[in-house]
>>> print(open('protein_33.cif').read())   # mmCIF, C-alpha atoms and all ligand atoms
data_run
#
loop_
_atom_site.group_PDB
_atom_site.id
_atom_site.type_symbol
_atom_site.label_atom_id
_atom_site.label_comp_id
_atom_site.auth_asym_id
_atom_site.auth_seq_id
_atom_site.Cartn_x
_atom_site.Cartn_y
_atom_site.Cartn_z
ATOM 1 C CA MET A 1 -1.212 7.645 25.577
ATOM 2 C CA PRO A 2 -0.897 4.882 23.007
ATOM 3 C CA TYR A 3 2.583 6.069 21.926
ATOM 4 C CA ASP A 4 5.573 6.778 24.172
ATOM 5 C CA ASN A 5 7.988 9.658 23.565
ATOM 6 C CA GLU A 6 10.443 7.574 21.583
ATOM 7 C CA GLU A 7 7.656 6.492 19.242
ATOM 8 C CA LEU A 8 6.360 10.039 18.892
ATOM 9 C CA GLU A 9 9.854 11.224 17.945
ATOM 10 C CA LYS A 10 9.849 8.644 15.147
ATOM 11 C CA PHE A 11 6.484 9.962 13.928
ATOM 12 C CA ARG A 12 7.893 13.519 14.074
ATOM 13 C CA LEU A 13 11.031 12.621 12.111
ATOM 14 C CA SER A 14 8.880 10.745 9.581
ATOM 15 C CA GLY A 15 6.666 13.847 9.241
ATOM 16 C CA LYS A 16 9.623 16.220 8.881
ATOM 17 C CA ILE A 17 11.138 14.188 6.026
ATOM 18 C CA LEU A 18 7.725 14.019 4.365
ATOM 19 C CA ARG A 19 7.065 17.773 4.722
ATOM 20 C CA GLU A 20 10.455 18.673 3.241
ATOM 21 C CA THR A 21 9.933 16.239 0.352
ATOM 22 C CA ARG A 22 6.437 17.586 -0.387
ATOM 23 C CA GLU A 23 7.632 21.192 -0.424
ATOM 24 C CA GLU A 24 10.519 20.350 -2.790
ATOM 25 C CA MET A 25 8.092 18.534 -5.101
ATOM 26 C CA ARG A 26 5.506 21.316 -5.441
ATOM 27 C CA SER A 27 7.463 23.088 -8.175
ATOM 28 C CA TYR A 28 8.818 19.862 -9.731
ATOM 29 C CA VAL A 29 5.589 18.637 -11.357
ATOM 30 C CA LYS A 30 5.238 19.994 -14.921
ATOM 31 C CA GLU A 31 3.020 19.374 -17.944
ATOM 32 C CA ASN A 32 4.273 16.629 -20.318
ATOM 33 C CA MET A 33 6.620 15.181 -17.666
ATOM 34 C CA PRO A 34 6.741 11.353 -17.386
ATOM 35 C CA VAL A 35 4.678 10.225 -14.396
ATOM 36 C CA ILE A 36 7.367 7.726 -13.426
ATOM 37 C CA ASP A 37 9.854 10.616 -13.000
ATOM 38 C CA ILE A 38 7.609 12.112 -10.301
ATOM 39 C CA CYS A 39 7.212 8.742 -8.524
ATOM 40 C CA GLU A 40 10.951 8.082 -8.561
ATOM 41 C CA LYS A 41 11.881 11.646 -7.578
ATOM 42 C CA VAL A 42 9.550 11.526 -4.544
ATOM 43 C CA GLU A 43 10.711 8.083 -3.431
ATOM 44 C CA GLY A 44 14.389 8.949 -4.033
ATOM 45 C CA THR A 45 14.127 12.226 -2.095
ATOM 46 C CA ILE A 46 12.565 10.410 0.866
ATOM 47 C CA ARG A 47 15.414 7.870 0.874
ATOM 48 C CA THR A 48 18.095 10.575 0.535
ATOM 49 C CA LYS A 49 16.687 12.257 3.634
ATOM 50 C CA GLY A 50 16.938 9.007 5.611
ATOM 51 C CA GLY A 51 13.332 7.806 5.442
ATOM 52 C CA LYS A 52 11.648 4.961 3.604
ATOM 53 C CA PRO A 53 8.559 5.418 1.427
ATOM 54 C CA ALA A 54 5.582 4.136 3.463
ATOM 55 C CA PHE A 55 3.840 3.376 0.152
ATOM 56 C CA PRO A 56 4.553 4.015 -3.534
ATOM 57 C CA CYS A 57 4.172 7.661 -4.564
ATOM 58 C CA ASN A 58 0.649 8.038 -6.006
ATOM 59 C CA VAL A 59 0.255 10.334 -9.023
ATOM 60 C CA SER A 60 -3.455 10.514 -9.808
ATOM 61 C CA ILE A 61 -4.539 12.666 -12.750
ATOM 62 C CA ASN A 62 -7.917 14.425 -13.276
ATOM 63 C CA GLU A 63 -10.787 11.943 -12.583
ATOM 64 C CA VAL A 64 -8.303 9.335 -11.347
ATOM 65 C CA THR A 65 -8.683 10.043 -7.658
ATOM 66 C CA ALA A 66 -6.190 7.790 -5.862
ATOM 67 C CA HIS A 67 -3.998 4.674 -5.929
ATOM 68 C CA TYR A 68 -2.204 5.140 -9.246
ATOM 69 C CA THR A 69 1.548 4.676 -9.169
ATOM 70 C CA SER A 70 3.717 4.016 -12.202
ATOM 71 C CA PRO A 71 3.894 0.344 -13.167
ATOM 72 C CA PRO A 72 7.322 -0.859 -14.404
ATOM 73 C CA GLY A 73 8.241 0.911 -17.668
ATOM 74 C CA ASP A 74 5.327 3.387 -17.410
ATOM 75 C CA THR A 75 5.291 5.707 -20.432
ATOM 76 C CA SER A 76 2.385 7.918 -19.305
ATOM 77 C CA THR A 77 2.947 11.676 -18.995
ATOM 78 C CA ILE A 78 1.254 14.612 -17.273
ATOM 79 C CA PRO A 79 -1.364 15.896 -19.750
ATOM 80 C CA ALA A 80 -1.398 19.624 -20.562
ATOM 81 C CA GLY A 81 -4.077 21.442 -18.543
ATOM 82 C CA SER A 82 -4.525 18.565 -16.094
ATOM 83 C CA THR A 83 -5.059 18.419 -12.333
ATOM 84 C CA VAL A 84 -2.484 16.206 -10.605
ATOM 85 C CA LYS A 85 -2.658 14.801 -7.089
ATOM 86 C CA VAL A 86 0.633 13.642 -5.590
ATOM 87 C CA ASP A 87 0.191 11.489 -2.461
ATOM 88 C CA LEU A 88 3.321 10.449 -0.562
ATOM 89 C CA GLY A 89 4.233 8.741 2.706
ATOM 90 C CA VAL A 90 7.258 8.073 4.903
ATOM 91 C CA GLN A 91 7.921 5.429 7.515
ATOM 92 C CA ILE A 92 10.626 5.508 10.166
ATOM 93 C CA ASP A 93 10.862 2.126 11.912
ATOM 94 C CA GLY A 94 7.286 1.554 10.705
ATOM 95 C CA TYR A 95 5.876 4.865 12.013
ATOM 96 C CA VAL A 96 3.862 6.187 9.110
ATOM 97 C CA THR A 97 3.066 9.732 8.019
ATOM 98 C CA ASP A 98 0.976 10.518 4.945
ATOM 99 C CA THR A 99 0.517 13.757 2.985
ATOM 100 C CA ALA A 100 -0.747 14.933 -0.404
ATOM 101 C CA PHE A 101 -0.887 18.038 -2.565
ATOM 102 C CA THR A 102 -2.482 19.002 -5.864
ATOM 103 C CA VAL A 103 -0.876 20.807 -8.787
ATOM 104 C CA SER A 104 -3.250 22.017 -11.493
ATOM 105 C CA PHE A 105 -2.529 23.457 -14.918
ATOM 106 C CA ASN A 106 -5.991 25.033 -15.279
ATOM 107 C CA PRO A 107 -7.760 27.758 -13.232
ATOM 108 C CA GLU A 108 -10.732 25.643 -12.116
ATOM 109 C CA GLY A 109 -8.371 22.897 -10.902
ATOM 110 C CA ARG A 110 -6.314 25.462 -8.988
ATOM 111 C CA SER A 111 -9.501 26.665 -7.338
ATOM 112 C CA MET A 112 -10.367 23.066 -6.372
ATOM 113 C CA ALA A 113 -6.835 22.568 -5.025
ATOM 114 C CA ASN A 114 -7.124 25.744 -2.907
ATOM 115 C CA THR A 115 -10.501 24.545 -1.640
ATOM 116 C CA ALA A 116 -9.027 21.188 -0.594
ATOM 117 C CA GLU A 117 -6.241 23.038 1.283
ATOM 118 C CA GLN A 118 -8.814 25.321 2.931
ATOM 119 C CA ALA A 119 -10.997 22.379 3.998
ATOM 120 C CA LEU A 120 -7.922 20.675 5.456
ATOM 121 C CA LYS A 121 -6.934 23.850 7.337
ATOM 122 C CA THR A 122 -10.463 24.300 8.705
ATOM 123 C CA ALA A 123 -10.293 20.741 10.029
ATOM 124 C CA THR A 124 -6.796 20.987 11.547
ATOM 125 C CA ASP A 125 -7.644 24.395 13.124
ATOM 126 C CA SER A 126 -10.637 22.950 15.004
ATOM 127 C CA ILE A 127 -9.901 19.291 15.591
ATOM 128 C CA HIS A 128 -9.113 18.039 19.118
ATOM 129 C CA GLY A 129 -9.302 14.874 21.176
ATOM 130 C CA GLY A 130 -12.904 13.917 21.917
ATOM 131 C CA MET A 131 -14.308 15.584 18.796
ATOM 132 C CA GLN A 132 -16.958 13.536 17.003
ATOM 133 C CA LEU A 133 -15.909 12.111 13.656
ATOM 134 C CA GLY A 134 -19.175 13.285 12.107
ATOM 135 C CA LYS A 135 -18.442 16.895 13.115
ATOM 136 C CA ILE A 136 -15.085 16.819 11.367
ATOM 137 C CA GLY A 137 -16.923 15.632 8.252
ATOM 138 C CA THR A 138 -19.396 18.513 8.588
ATOM 139 C CA LEU A 139 -16.571 21.076 8.789
ATOM 140 C CA ILE A 140 -14.865 19.662 5.701
ATOM 141 C CA GLU A 141 -18.068 19.348 3.675
ATOM 142 C CA THR A 142 -19.307 22.843 4.594
ATOM 143 C CA THR A 143 -15.993 24.463 3.633
ATOM 144 C CA ILE A 144 -16.012 22.708 0.268
ATOM 145 C CA ARG A 145 -19.695 23.433 -0.543
ATOM 146 C CA ASN A 146 -19.410 27.090 0.531
ATOM 147 C CA ARG A 147 -16.816 27.498 -2.212
ATOM 148 C CA GLY A 148 -19.113 25.992 -4.821
ATOM 149 C CA PHE A 149 -17.567 22.525 -5.003
ATOM 150 C CA LYS A 150 -18.455 19.024 -3.793
ATOM 151 C CA PRO A 151 -16.559 16.591 -1.541
ATOM 152 C CA ILE A 152 -15.905 12.969 -2.499
ATOM 153 C CA SER A 153 -18.208 11.212 -0.031
ATOM 154 C CA ASN A 154 -16.765 7.681 -0.066
ATOM 155 C CA LEU A 155 -13.100 8.457 0.572
ATOM 156 C CA THR A 156 -11.981 9.208 4.115
ATOM 157 C CA GLY A 157 -9.047 10.103 6.290
ATOM 158 C CA HIS A 158 -7.795 7.410 8.638
ATOM 159 C CA SER A 159 -5.881 6.639 11.796
ATOM 160 C CA VAL A 160 -2.312 5.462 11.154
ATOM 161 C CA GLY A 161 -0.138 3.110 13.192
ATOM 162 C CA ARG A 162 3.091 1.211 13.138
ATOM 163 C CA TYR A 163 3.367 -0.508 9.734
ATOM 164 C CA LEU A 164 -0.281 0.429 9.217
ATOM 165 C CA ILE A 165 -1.629 3.075 6.854
ATOM 166 C CA HIS A 166 -5.272 2.452 7.751
ATOM 167 C CA ALA A 167 -5.301 1.635 11.450
ATOM 168 C CA GLY A 168 -9.045 1.250 11.962
ATOM 169 C CA THR A 169 -10.708 4.679 12.360
ATOM 170 C CA SER A 170 -12.040 6.555 9.315
ATOM 171 C CA ILE A 171 -12.333 10.372 9.281
ATOM 172 C CA PRO A 172 -15.282 11.329 7.039
ATOM 173 C CA ASN A 173 -15.162 14.120 4.459
ATOM 174 C CA VAL A 174 -18.932 14.674 4.651
ATOM 175 C CA ALA A 175 -21.419 15.280 7.469
ATOM 176 C CA GLN A 176 -22.335 12.119 9.374
ATOM 177 C CA PRO A 177 -24.838 13.131 12.062
ATOM 178 C CA LEU A 178 -25.266 9.548 13.228
ATOM 179 C CA SER A 179 -21.567 8.869 13.729
ATOM 180 C CA LEU A 180 -20.933 9.403 17.445
ATOM 181 C CA SER A 181 -17.406 7.943 17.543
ATOM 182 C CA LYS A 182 -14.699 10.380 18.544
ATOM 183 C CA VAL A 183 -11.052 11.018 17.753
ATOM 184 C CA LYS A 184 -8.740 10.275 20.671
ATOM 185 C CA ALA A 185 -5.907 12.388 22.055
ATOM 186 C CA GLY A 186 -2.584 10.576 21.602
ATOM 187 C CA GLU A 187 -3.621 8.869 18.362
ATOM 188 C CA VAL A 188 -2.229 9.812 14.940
ATOM 189 C CA TYR A 189 -4.610 10.530 12.056
ATOM 190 C CA ALA A 190 -4.373 11.434 8.379
ATOM 191 C CA ILE A 191 -7.007 13.964 7.285
ATOM 192 C CA GLU A 192 -7.573 14.184 3.542
ATOM 193 C CA PRO A 193 -10.393 16.099 1.873
ATOM 194 C CA PHE A 194 -11.072 15.394 -1.821
ATOM 195 C CA VAL A 195 -12.820 18.079 -3.894
ATOM 196 C CA THR A 196 -14.666 17.757 -7.200
ATOM 197 C CA LEU A 197 -17.053 19.800 -9.352
ATOM 198 C CA PRO A 198 -20.626 20.474 -8.124
ATOM 199 C CA GLU A 199 -22.168 18.588 -11.063
ATOM 200 C CA ALA A 200 -20.081 15.468 -10.313
ATOM 201 C CA GLU A 201 -21.530 12.493 -8.467
ATOM 202 C CA GLY A 202 -18.855 12.988 -5.800
ATOM 203 C CA ARG A 203 -18.067 9.310 -5.364
ATOM 204 C CA VAL A 204 -15.289 7.033 -6.560
ATOM 205 C CA ASP A 205 -15.470 3.521 -7.899
ATOM 206 C CA ASP A 206 -12.814 0.859 -8.521
ATOM 207 C CA SER A 207 -11.265 0.871 -11.970
ATOM 208 C CA PRO A 208 -9.977 -2.403 -13.469
ATOM 209 C CA GLN A 209 -6.407 -1.102 -13.176
ATOM 210 C CA GLU A 210 -4.201 -2.130 -10.221
ATOM 211 C CA THR A 211 -0.725 -0.691 -9.585
ATOM 212 C CA ILE A 212 -0.249 -0.961 -5.808
ATOM 213 C CA TYR A 213 0.064 -4.166 -3.795
ATOM 214 C CA ARG A 214 0.414 -5.402 -0.253
ATOM 215 C CA LEU A 215 1.446 -8.602 1.522
ATOM 216 C CA LEU A 216 -1.631 -10.448 2.774
ATOM 217 C CA LYS A 217 -0.210 -13.673 4.117
ATOM 218 C CA VAL A 218 3.125 -15.408 4.021
ATOM 219 C CA LYS A 219 2.237 -18.791 2.565
ATOM 220 C CA SER A 220 4.092 -21.546 0.852
ATOM 221 C CA VAL A 221 4.333 -21.109 -2.911
ATOM 222 C CA ASN A 222 5.704 -23.676 -5.328
ATOM 223 C CA ASN A 223 7.678 -21.526 -7.730
ATOM 224 C CA GLU A 224 11.163 -20.801 -6.340
ATOM 225 C CA TYR A 225 11.153 -17.287 -7.821
ATOM 226 C CA SER A 226 7.763 -16.557 -6.237
ATOM 227 C CA LYS A 227 9.272 -17.691 -2.953
ATOM 228 C CA LYS A 228 12.178 -15.292 -3.407
ATOM 229 C CA LEU A 229 9.878 -12.379 -4.270
ATOM 230 C CA LEU A 230 7.672 -13.099 -1.275
ATOM 231 C CA LYS A 231 10.672 -13.165 1.039
ATOM 232 C CA HIS A 232 11.830 -9.822 -0.338
ATOM 233 C CA ILE A 233 8.356 -8.311 0.133
ATOM 234 C CA GLU A 234 8.067 -9.581 3.706
ATOM 235 C CA GLY A 235 11.550 -8.416 4.640
ATOM 236 C CA ASN A 236 11.362 -4.985 3.028
ATOM 237 C CA PHE A 237 7.747 -3.805 3.158
ATOM 238 C CA ARG A 238 6.052 -6.057 5.752
ATOM 239 C CA THR A 239 2.348 -5.104 5.623
ATOM 240 C CA LEU A 240 2.931 -1.743 3.899
ATOM 241 C CA PRO A 241 1.933 -1.171 0.263
ATOM 242 C CA PHE A 242 4.533 -1.499 -2.481
ATOM 243 C CA ALA A 243 4.894 -1.004 -6.256
ATOM 244 C CA GLU A 244 5.841 -3.696 -8.724
ATOM 245 C CA ARG A 245 8.653 -1.307 -9.800
ATOM 246 C CA TRP A 246 10.279 -1.913 -6.409
ATOM 247 C CA LEU A 247 10.650 -5.649 -7.140
ATOM 248 C CA ILE A 248 12.546 -5.341 -10.423
ATOM 249 C CA GLY A 249 15.876 -7.180 -10.202
ATOM 250 C CA VAL A 250 14.946 -9.363 -7.210
ATOM 251 C CA VAL A 251 14.577 -12.381 -9.514
ATOM 252 C CA PRO A 252 15.875 -12.798 -13.097
ATOM 253 C CA LYS A 253 14.040 -10.546 -15.530
ATOM 254 C CA GLU A 254 12.500 -13.356 -17.545
ATOM 255 C CA GLN A 255 11.107 -15.014 -14.382
ATOM 256 C CA HIS A 256 9.595 -11.888 -12.795
ATOM 257 C CA LYS A 257 6.190 -11.749 -14.476
ATOM 258 C CA ALA A 258 5.156 -15.351 -13.774
ATOM 259 C CA ALA A 259 6.568 -15.236 -10.225
ATOM 260 C CA PHE A 260 4.636 -12.083 -9.336
ATOM 261 C CA LYS A 261 1.451 -13.415 -10.950
ATOM 262 C CA GLU A 262 1.682 -16.509 -8.760
ATOM 263 C CA LEU A 263 1.780 -14.371 -5.592
ATOM 264 C CA LEU A 264 -1.426 -12.621 -6.663
ATOM 265 C CA LYS A 265 -3.118 -15.881 -7.695
ATOM 266 C CA THR A 266 -2.362 -17.583 -4.370
ATOM 267 C CA LYS A 267 -3.489 -14.437 -2.499
ATOM 268 C CA ALA A 268 -0.152 -14.093 -0.719
ATOM 269 C CA VAL A 269 -0.289 -10.565 -2.135
ATOM 270 C CA MET A 270 -3.368 -8.366 -2.662
ATOM 271 C CA SER A 271 -3.790 -5.450 -5.056
ATOM 272 C CA TYR A 272 -5.485 -2.073 -4.647
ATOM 273 C CA PRO A 273 -7.711 -0.916 -7.501
ATOM 274 C CA VAL A 274 -7.172 2.577 -8.908
ATOM 275 C CA PHE A 275 -10.095 4.819 -7.827
ATOM 276 C CA ILE A 276 -11.939 6.912 -10.427
ATOM 277 C CA GLU A 277 -14.648 9.537 -9.872
ATOM 278 C CA VAL A 278 -17.805 7.828 -11.174
ATOM 279 C CA THR A 279 -18.877 10.716 -13.428
ATOM 280 C CA ARG A 280 -15.271 11.192 -14.645
ATOM 281 C CA LYS A 281 -14.959 14.706 -13.187
ATOM 282 C CA PRO A 282 -11.575 16.039 -12.018
ATOM 283 C CA VAL A 283 -10.637 15.751 -8.337
ATOM 284 C CA ALA A 284 -8.237 17.695 -6.080
ATOM 285 C CA GLN A 285 -6.861 16.535 -2.715
ATOM 286 C CA ALA A 286 -4.925 17.856 0.270
ATOM 287 C CA GLU A 287 -3.675 15.811 3.233
ATOM 288 C CA HIS A 288 -1.824 16.119 6.532
ATOM 289 C CA THR A 289 -0.992 13.653 9.285
ATOM 290 C CA VAL A 290 -1.660 15.006 12.792
ATOM 291 C CA LEU A 291 -1.022 13.934 16.378
ATOM 292 C CA MET A 292 -4.274 14.487 18.263
ATOM 293 C CA LYS A 293 -4.013 16.526 21.487
ATOM 294 C CA PRO A 294 -6.679 17.154 24.126
ATOM 295 C CA ASP A 295 -7.071 20.793 23.035
ATOM 296 C CA GLY A 296 -5.983 20.720 19.382
ATOM 297 C CA CYS A 297 -3.559 18.850 17.159
ATOM 298 C CA GLU A 298 0.092 18.866 16.182
ATOM 299 C CA ILE A 299 0.515 18.799 12.402
ATOM 300 C CA LEU A 300 3.309 16.286 11.788
ATOM 301 C CA THR A 301 3.588 16.933 8.057
HETATM 302 MN MN MN E 1 -2.187 9.854 1.335
HETATM 303 MN MN MN E 2 -4.105 8.916 3.591
#
>>> encode(input="protein_33.cif", output="structure tokens")
Amino acid sequence: MPYDNEELEKFRLSGKILRETREEMRSYVKENMPVIDICEKVEGTIRTKGGKPAFPCNVSINEVTAHYTSPPGDTSTIPAGSTVKVDLGVQIDGYVTDTAFTVSFNPEGRSMANTAEQALKTATDSIHGGMQLGKIGTLIETTIRNRGFKPISNLTGHSVGRYLIHAGTSIPNVAQPLSLSKVKAGEVYAIEPFVTLPEAEGRVDDSPQETIYRLLKVKSVNNEYSKKLLKHIEGNFRTLPFAERWLIGVVPKEQHKAAFKELLKTKAVMSYPVFIEVTRKPVAQAEHTVLMKPDGCEILT
């Protein structure tokens, strides 16, 4: 087993805090609400329950598929009739769990959200240690297509680890007959089907927008405020993703912008592009983190 009991208990506590937060948030998301309110409510609830956000709360609307969190001072709101994916994570001593749900304010979006939940359930009902990754993809894809929708083919689930959201193994959302790799009992995985309309391309591409960041390398920077920001990032987030919102107040307000820019320019910090469905069709998502067992899985979230 890669994790001992003490470590597994940290994963379980992380998952419990995340599950409770997700369930409280389901009825919170409303049309015309500021997006930043959702991000801050999720992150605040996680902290109140004794966890730390493993990454900034993602609120991705319609064709925006993943990796949008509110930048500082975000004024965007939830459009009427939209489909909203909320993706949240907790870490306890670095042990990461990851979950997501979709709220839709139109019937077709609700049907896509139900399909994503059904595809996730089909996967978690059948998955077990030693199962081929490609077969998990087949199960997810078949469930989605049987309901008249299409999976996003180039987004995947992933193994998680300590201070790692993507720990090396990808879990496909489409059939991959040639992929013979297997999931391993004792490892922890996030499974996350994405569902779009049948006429969509079913792929995402990078958008020019970036709202989530991560430490790449602690290196020497000239600007004293950059140095201070970098120290804060290293001490508080290590290698986990963070939002620029989380850095406000670390250095004087008028120094922040240039100091943060320097960290990106010197590649001490990297950014994640926002993903958009290439044909601009709406997307729904569901996600759980599971502990793989020889004969099944334990859903941690
Ligand atoms: Mn997620
Ligand atoms: Mn994930």
>>> resolve_selection(input="protein_33.cif", expression="the PyMOL selection byres (((not hetatm)) within 8 of (chain E and resi 1))", output="PyMOL selection string")
chain A and resi 87-89+98-100+190+192+287
>>> residues_near_ligand(input="protein_33.cif", ligand="ligand MN 2 (chain E)", cutoff="12 Å", atoms="only C-alpha atoms and all ligand atoms", output="MDAnalysis selection string")
chainID A and resid 54:55 57:58 66:67 86:90 96:101 155:161 164:167 169:172 188:194 285:290 301
>>> atom_distance(input="protein_33.cif", atom1="CA of His128 in chain A", atom2="CA of Arg19 in chain A")
21.7 Å
>>> resolve_selection(input="protein_33.cif", expression="the PyMOL selection byres (((chain A and resi 195) around 8) and not hetatm)", output="PyMOL selection string")
chain A and resi 112-113+115-116+144+149-152+193-194+196-197+283-285
>>> residues_around(input="protein_33.cif", residues="Pro273 in chain A", least_positions_apart="3", cutoff="7 Å", atoms="all atoms listed in the file", output="list in words")
His67, Asp206, Ser207, Pro208, Gln209 and Glu210 of chain A
>>> write_last_selection(input="protein_33.cif", atoms="C-alpha atoms", output="PDB file, in the frame of the given file")
ATOM      1  CA  HIS A  67      -3.998   4.674  -5.929  1.00  0.00           C
ATOM      2  CA  ASP A 206     -12.814   0.859  -8.521  1.00  0.00           C
ATOM      3  CA  SER A 207     -11.265   0.871 -11.970  1.00  0.00           C
ATOM      4  CA  PRO A 208      -9.977  -2.403 -13.469  1.00  0.00           C
ATOM      5  CA  GLN A 209      -6.407  -1.102 -13.176  1.00  0.00           C
ATOM      6  CA  GLU A 210      -4.201  -2.130 -10.221  1.00  0.00           C
TER       7      GLU A 210
END
>>> residues_around(input="protein_33.cif", residues="Thr48 in chain A", least_positions_apart="4", cutoff="12 Å", atoms="only C-alpha atoms", output="list in words")
Ile17, Leu18, Glu20, Thr21, Glu40, Lys41, Val42, Glu43, Gly44, Lys52, Pro53 and Val90 of chain A
>>> closest_residue(input="protein_33.cif", among="A:Thr124, A:Asn32, A:Asn5, A:Ser76", to="Met292 in chain A", atoms="only C-alpha atoms")
A:Thr124
>>> atom_distance(input="protein_33.cif", atom1="CA of Arg22 in chain A", atom2="CA of Ile46 in chain A")
9.5 Å
>>> closest_residue(input="protein_33.cif", among="A:Pro282, A:Gly50, A:Gly137, A:Pro177", to="Lys16 in chain A", atoms="all atoms listed in the file")
A:Gly50
>>> residues_around(input="protein_33.cif", residues="Asp205 in chain A", least_positions_apart="5", cutoff="6 Å", atoms="all atoms listed in the file", output="list in words")
Phe275, Ile276 and Val278 of chain A
>>> atom_distance(input="protein_33.cif", atom1="CA of Gly168 in chain A", atom2="CA of Gly186 in chain A")
14.9 Å
>>> closest_residue(input="protein_33.cif", among="A:Ala243, A:Val204, A:Ala259, A:Met33", to="Asn222 in chain A", atoms="only C-alpha atoms")
A:Ala259
>>> resolve_selection(input="protein_33.cif", expression="the PyMOL selection byres (((chain A and resi 70) around 10) and not hetatm)", output="PDB file with C-alpha atoms, in the frame of the given file")
ATOM      1  CA  PRO A  34       6.741  11.353 -17.386  1.00  0.00           C
ATOM      2  CA  VAL A  35       4.678  10.225 -14.396  1.00  0.00           C
ATOM      3  CA  ILE A  36       7.367   7.726 -13.426  1.00  0.00           C
ATOM      4  CA  ASP A  37       9.854  10.616 -13.000  1.00  0.00           C
ATOM      5  CA  ILE A  38       7.609  12.112 -10.301  1.00  0.00           C
ATOM      6  CA  CYS A  39       7.212   8.742  -8.524  1.00  0.00           C
ATOM      7  CA  GLU A  40      10.951   8.082  -8.561  1.00  0.00           C
ATOM      8  CA  PRO A  56       4.553   4.015  -3.534  1.00  0.00           C
ATOM      9  CA  CYS A  57       4.172   7.661  -4.564  1.00  0.00           C
ATOM     10  CA  ASN A  58       0.649   8.038  -6.006  1.00  0.00           C
ATOM     11  CA  VAL A  59       0.255  10.334  -9.023  1.00  0.00           C
ATOM     12  CA  SER A  60      -3.455  10.514  -9.808  1.00  0.00           C
ATOM     13  CA  HIS A  67      -3.998   4.674  -5.929  1.00  0.00           C
ATOM     14  CA  TYR A  68      -2.204   5.140  -9.246  1.00  0.00           C
ATOM     15  CA  THR A  69       1.548   4.676  -9.169  1.00  0.00           C
ATOM     16  CA  PRO A  71       3.894   0.344 -13.167  1.00  0.00           C
ATOM     17  CA  PRO A  72       7.322  -0.859 -14.404  1.00  0.00           C
ATOM     18  CA  GLY A  73       8.241   0.911 -17.668  1.00  0.00           C
ATOM     19  CA  ASP A  74       5.327   3.387 -17.410  1.00  0.00           C
ATOM     20  CA  THR A  75       5.291   5.707 -20.432  1.00  0.00           C
ATOM     21  CA  SER A  76       2.385   7.918 -19.305  1.00  0.00           C
ATOM     22  CA  THR A 211      -0.725  -0.691  -9.585  1.00  0.00           C
ATOM     23  CA  ILE A 212      -0.249  -0.961  -5.808  1.00  0.00           C
ATOM     24  CA  ALA A 243       4.894  -1.004  -6.256  1.00  0.00           C
ATOM     25  CA  GLU A 244       5.841  -3.696  -8.724  1.00  0.00           C
ATOM     26  CA  ARG A 245       8.653  -1.307  -9.800  1.00  0.00           C
TER      27      ARG A 245
END
>>> axis_aligned_box(input="protein_33.cif", around="range 182-191 of chain A", padding_each_side="4 Å", output="lines of an AutoDock Vina configuration file")
center_x = -8.5
center_y = 11.4
center_z = 14.7
size_x = 20.5
size_y = 13.1
size_z = 22.8
>>> closest_residue(input="protein_33.cif", among="A:Val274, A:Gly130, A:Thr279, A:Pro294", to="Val64 in chain A", atoms="all atoms listed in the file")
A:Val274
